[in-house]
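Working notes, structure below.
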Amino acid sequence: MNEFEQNPQSTRNDFVDSAVGFIVSFGFFATIFIVAVVLKVIGS
């Protein structure tokens, strides 16, 4: 084993970080979609 496996910087569960990243990216695209729908409704 190398030194990084023996002394990890973060011992948190990777699933938590993956879930947070997925939710943040999904929220970003959802926000863009909502803004586009609102602009379309206002423009019509």
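Residue numbering restarts at 1 in every chain; chains get A, B, ... in the order shown in the structure tokens, and ligands count up from 1 in that same order.
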- request: Please return as a ChimeraX atom specification: the residues of chain A that backbone DSSP assigns to alpha helix (DSSP H).
  value: /A:3-6,14-43
query: Which value, in Å to one decimal, gives the distance between atom CA of Gly21 of chain A and atom CA of Ile34 of chain A?
result: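 These atoms are spaced 19.8 Å apart.
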